[in-house]
file structure-v3.cif (mmCIF, C-alpha atoms)
data_data
loop_
_atom_site.group_PDB
_atom_site.id
_atom_site.type_symbol
_atom_site.label_atom_id
_atom_site.label_comp_id
_atom_site.auth_asym_id
_atom_site.auth_seq_id
_atom_site.Cartn_x
_atom_site.Cartn_y
_atom_site.Cartn_z
ATOM 1 C CA MET A 1 -10.129 -11.338 -15.529
ATOM 2 C CA THR A 2 -7.142 -9.021 -15.159
ATOM 3 C CA VAL A 3 -6.503 -7.085 -11.953
ATOM 4 C CA ALA A 4 -7.454 -3.869 -13.752
ATOM 5 C CA GLN A 5 -10.742 -5.388 -14.911
ATOM 6 C CA ALA A 6 -11.506 -6.587 -11.380
ATOM 7 C CA ILE A 7 -10.835 -3.139 -9.924
ATOM 8 C CA GLU A 8 -13.029 -1.389 -12.470
ATOM 9 C CA SER A 9 -15.826 -3.923 -12.132
ATOM 10 C CA LYS A 10 -15.932 -3.731 -8.332
ATOM 11 C CA VAL A 11 -15.963 0.055 -8.324
ATOM 12 C CA ARG A 12 -18.670 0.295 -10.980
ATOM 13 C CA ASP A 13 -20.813 -2.310 -9.204
ATOM 14 C CA ALA A 14 -20.618 -0.514 -5.853
ATOM 15 C CA LEU A 15 -20.708 3.202 -6.656
ATOM 16 C CA PRO A 16 -22.496 5.542 -9.052
ATOM 17 C CA VAL A 17 -19.707 6.469 -11.456
ATOM 18 C CA ALA A 18 -19.681 9.758 -13.357
ATOM 19 C CA HIS A 19 -16.085 9.254 -14.525
ATOM 20 C CA LEU A 20 -13.559 6.460 -14.001
ATOM 21 C CA GLN A 21 -10.007 6.363 -15.273
ATOM 22 C CA LEU A 22 -7.761 3.500 -14.196
ATOM 23 C CA GLU A 23 -4.125 3.532 -15.232
ATOM 24 C CA ASN A 24 -1.701 0.685 -14.730
ATOM 25 C CA GLU A 25 1.475 2.472 -13.635
ATOM 26 C CA SER A 26 3.465 -0.678 -12.930
ATOM 27 C CA HIS A 27 5.854 0.077 -15.808
ATOM 28 C CA LYS A 28 7.124 3.080 -13.825
ATOM 29 C CA HIS A 29 8.375 0.801 -11.067
ATOM 30 C CA GLY A 30 10.919 -1.966 -10.699
ATOM 31 C CA VAL A 31 8.594 -4.846 -11.514
ATOM 32 C CA PRO A 32 8.547 -7.418 -14.317
ATOM 33 C CA PRO A 33 6.965 -6.436 -17.659
ATOM 34 C CA ASN A 34 3.165 -6.734 -17.856
ATOM 35 C CA SER A 35 2.794 -6.564 -14.069
ATOM 36 C CA GLU A 36 -0.390 -5.297 -12.453
ATOM 37 C CA THR A 37 0.944 -4.031 -9.145
ATOM 38 C CA HIS A 38 0.741 -0.214 -9.248
ATOM 39 C CA PHE A 39 -2.411 1.655 -10.268
ATOM 40 C CA LYS A 40 -3.786 5.168 -10.399
ATOM 41 C CA LEU A 41 -7.550 5.497 -10.038
ATOM 42 C CA VAL A 42 -9.374 8.707 -10.882
ATOM 43 C CA LEU A 43 -12.967 8.355 -9.767
ATOM 44 C CA VAL A 44 -15.804 10.859 -9.853
ATOM 45 C CA SER A 45 -18.928 9.857 -7.959
ATOM 46 C CA GLU A 46 -21.942 11.450 -6.280
ATOM 47 C CA ALA A 47 -21.314 8.950 -3.469
ATOM 48 C CA PHE A 48 -18.452 11.188 -2.294
ATOM 49 C CA GLN A 49 -20.740 14.152 -1.687
ATOM 50 C CA GLY A 50 -20.296 15.371 1.881
ATOM 51 C CA GLN A 51 -17.401 12.980 2.577
ATOM 52 C CA MET A 52 -13.948 14.030 3.672
ATOM 53 C CA PRO A 53 -11.049 12.607 1.620
ATOM 54 C CA VAL A 54 -10.173 10.011 4.268
ATOM 55 C CA ARG A 55 -13.697 8.557 4.172
ATOM 56 C CA ARG A 56 -13.600 8.415 0.363
ATOM 57 C CA HIS A 57 -10.321 6.500 0.481
ATOM 58 C CA GLN A 58 -11.700 4.125 3.113
ATOM 59 C CA THR A 59 -14.686 3.418 0.869
ATOM 60 C CA VAL A 60 -12.495 2.491 -2.104
ATOM 61 C CA TYR A 61 -10.040 0.512 0.033
ATOM 62 C CA GLY A 62 -13.000 -1.436 1.410
ATOM 63 C CA LEU A 63 -14.173 -2.314 -2.091
ATOM 64 C CA LEU A 64 -10.711 -3.425 -3.213
ATOM 65 C CA GLY A 65 -9.506 -5.268 -0.118
ATOM 66 C CA GLU A 66 -8.845 -8.491 -2.011
ATOM 67 C CA GLU A 67 -6.694 -6.756 -4.606
ATOM 68 C CA LEU A 68 -4.814 -4.716 -1.991
ATOM 69 C CA ASP A 69 -4.120 -7.866 0.041
ATOM 70 C CA GLY A 70 -2.819 -9.608 -3.062
ATOM 71 C CA PRO A 71 -1.429 -8.379 -6.331
ATOM 72 C CA VAL A 72 -1.783 -4.598 -5.881
ATOM 73 C CA HIS A 73 1.200 -3.026 -4.146
ATOM 74 C CA ALA A 74 0.217 0.626 -4.645
ATOM 75 C CA LEU A 75 -3.021 2.414 -5.479
ATOM 76 C CA ALA A 76 -2.981 6.179 -6.039
ATOM 77 C CA LEU A 77 -6.482 7.536 -5.481
ATOM 78 C CA HIS A 78 -7.886 10.756 -6.912
ATOM 79 C CA LEU A 79 -11.512 10.903 -5.744
ATOM 80 C CA PHE A 80 -13.937 13.703 -6.557
ATOM 81 C CA THR A 81 -17.576 14.671 -6.569
ATOM 82 C CA PRO A 82 -18.838 15.815 -9.992
ATOM 83 C CA ASP A 83 -18.697 19.477 -8.880
ATOM 84 C CA GLU A 84 -15.113 19.108 -7.633
ATOM 85 C CA TRP A 85 -14.116 17.403 -10.883
ATOM 86 C CA ARG A 86 -15.581 20.221 -12.966
ATOM 87 C CA ALA A 87 -13.914 22.860 -10.765
ATOM 88 C CA GLN A 88 -10.584 21.057 -11.237
ATOM 89 C CA GLY A 89 -10.994 21.158 -15.004
ATOM 90 C CA GLY A 90 -11.385 17.403 -15.359
ATOM 91 C CA GLU A 91 -7.702 16.592 -14.962
ATOM 92 C CA VAL A 92 -5.230 15.316 -12.376
ATOM 93 C CA ALA A 93 -1.466 15.639 -12.324
ATOM 94 C CA ALA A 94 0.658 12.867 -13.778
ATOM 95 C CA SER A 95 2.238 10.499 -11.298
ATOM 96 C CA PRO A 96 5.996 10.792 -10.827
ATOM 97 C CA ASP A 97 8.302 7.954 -11.792
ATOM 98 C CA CYS A 98 9.430 5.756 -8.941
ATOM 99 C CA LEU A 99 12.881 6.661 -7.644
ATOM 100 C CA GLY A 100 13.145 4.601 -4.502
ATOM 101 C CA GLY A 101 13.211 1.086 -3.219
ATOM 102 C CA SER A 102 15.511 -1.591 -4.455
ATOM 103 C CA LYS A 103 16.451 0.200 -7.678
ATOM 104 C CA HIS A 104 19.034 2.296 -5.834
ATOM 105 C CA ASP A 105 20.075 -0.127 -3.090
ATOM 106 C CA PRO A 106 23.671 -1.360 -3.517
ATOM 107 C CA GLU A 107 22.674 -4.940 -2.746
ATOM 108 C CA PHE A 108 20.551 -4.969 -5.902
ATOM 109 C CA GLY A 109 23.368 -3.841 -8.160
ATOM 110 C CA GLN A 110 22.206 -0.371 -9.143
#
call {"tool": "encode", "arguments": {"input": "structure-v3.cif", "output": "structure tokens"}}
result
Amino acid sequence: MTVAQAIESKVRDALPVAHLQLENESHKHGVPPNSETHFKLVLVSEAFQGQMPVRRHQTVYGLLGEELDGPVHALALHLFTPDEWRAQGGEVAASPDCLGGSKHDPEFGQ
């Protein structure tokens, strides 16, 4: 099972999902091709009703502890209730390309 499949499976098994979009954004970062280290998760769930954003993030981090302790370096979370998702128009902004880290450090030759 890929890291992406594991993430999606764990989320779907634990929460009622109205919408789930998982994007592997590793290619935007200085990692080898076909890496699974940077993800963006858009999740719409009734489970978030009445929860502040911090609690929503804690819930997802708790589900994905194994992945976050291992292969996943970064996880961008966009978490909504169904009403919030509809009010937002069903879209989130695109993630920016990575500009930092070792790509621009002189010791790495760039």
call {"tool": "residues_around", "arguments": {"input": "structure-v3.cif", "residues": "His57 in chain A", "least_positions_apart": "6", "cutoff": "10 Å", "atoms": "all atoms listed in the file", "output": "ChimeraX atom specification"}}
result
/A:48,51,63,76-79
call {"tool": "resolve_selection", "arguments": {"input": "structure-v3.cif", "expression": "the PyMOL selection byres ((chain A and resi 94) around 12)", "output": "ChimeraX atom specification"}}
result
/A:23,25,28,40-42,76,78,91-93,95-97
call {"tool": "resolve_selection", "arguments": {"input": "structure-v3.cif", "expression": "the PyMOL selection byres ((chain A and resi 84-87) around 10)", "output": "ChimeraX atom specification"}}
result
/A:18-19,42-45,49,78-83,88-92
call {"tool": "resolve_selection", "arguments": {"input": "structure-v3.cif", "expression": "the PyMOL selection byres ((chain A and resi 12) around 12)", "output": "PyMOL selection string"}}
result
chain A and resi 5-11+13-22+43-45+47+60+63-64
call {"tool": "axis_aligned_box", "arguments": {"input": "structure-v3.cif", "around": "range 79-91 of chain A", "padding_each_side": "4 Å", "output": "lines of an AutoDock Vina configuration file"}}
result
center_x = -13.3
center_y = 16.9
center_z = -10.6
size_x = 19.1
size_y = 20.0
size_z = 17.6
call {"tool": "closest_residue", "arguments": {"input": "structure-v3.cif", "among": "A:Pro33, A:Gly62, A:Gly70, A:Gly50", "to": "Val3 in chain A", "atoms": "only C-alpha atoms"}}
result
A:Gly70
call {"tool": "residues_around", "arguments": {"input": "structure-v3.cif", "residues": "His38 in chain A", "least_positions_apart": "2", "cutoff": "10 Å", "atoms": "only C-alpha atoms", "output": "list in words"}}
result
Glu23, Asn24, Glu25, Ser26, His27, Lys28, His29, Val31, Ser35, Glu36, Lys40, Pro71, Val72, His73, Ala74, Leu75 and Ala76 of chain A
call {"tool": "atom_distance", "arguments": {"input": "structure-v3.cif", "atom1": "CA of Phe39 in chain A", "atom2": "CA of Met52 in chain A"}}
result
21.9 Å
call {"tool": "closest_residue", "arguments": {"input": "structure-v3.cif", "among": "A:Gly65, A:Thr2, A:Thr59, A:Pro53", "to": "Asn34 in chain A", "atoms": "all atoms listed in the file"}}
result
A:Thr2
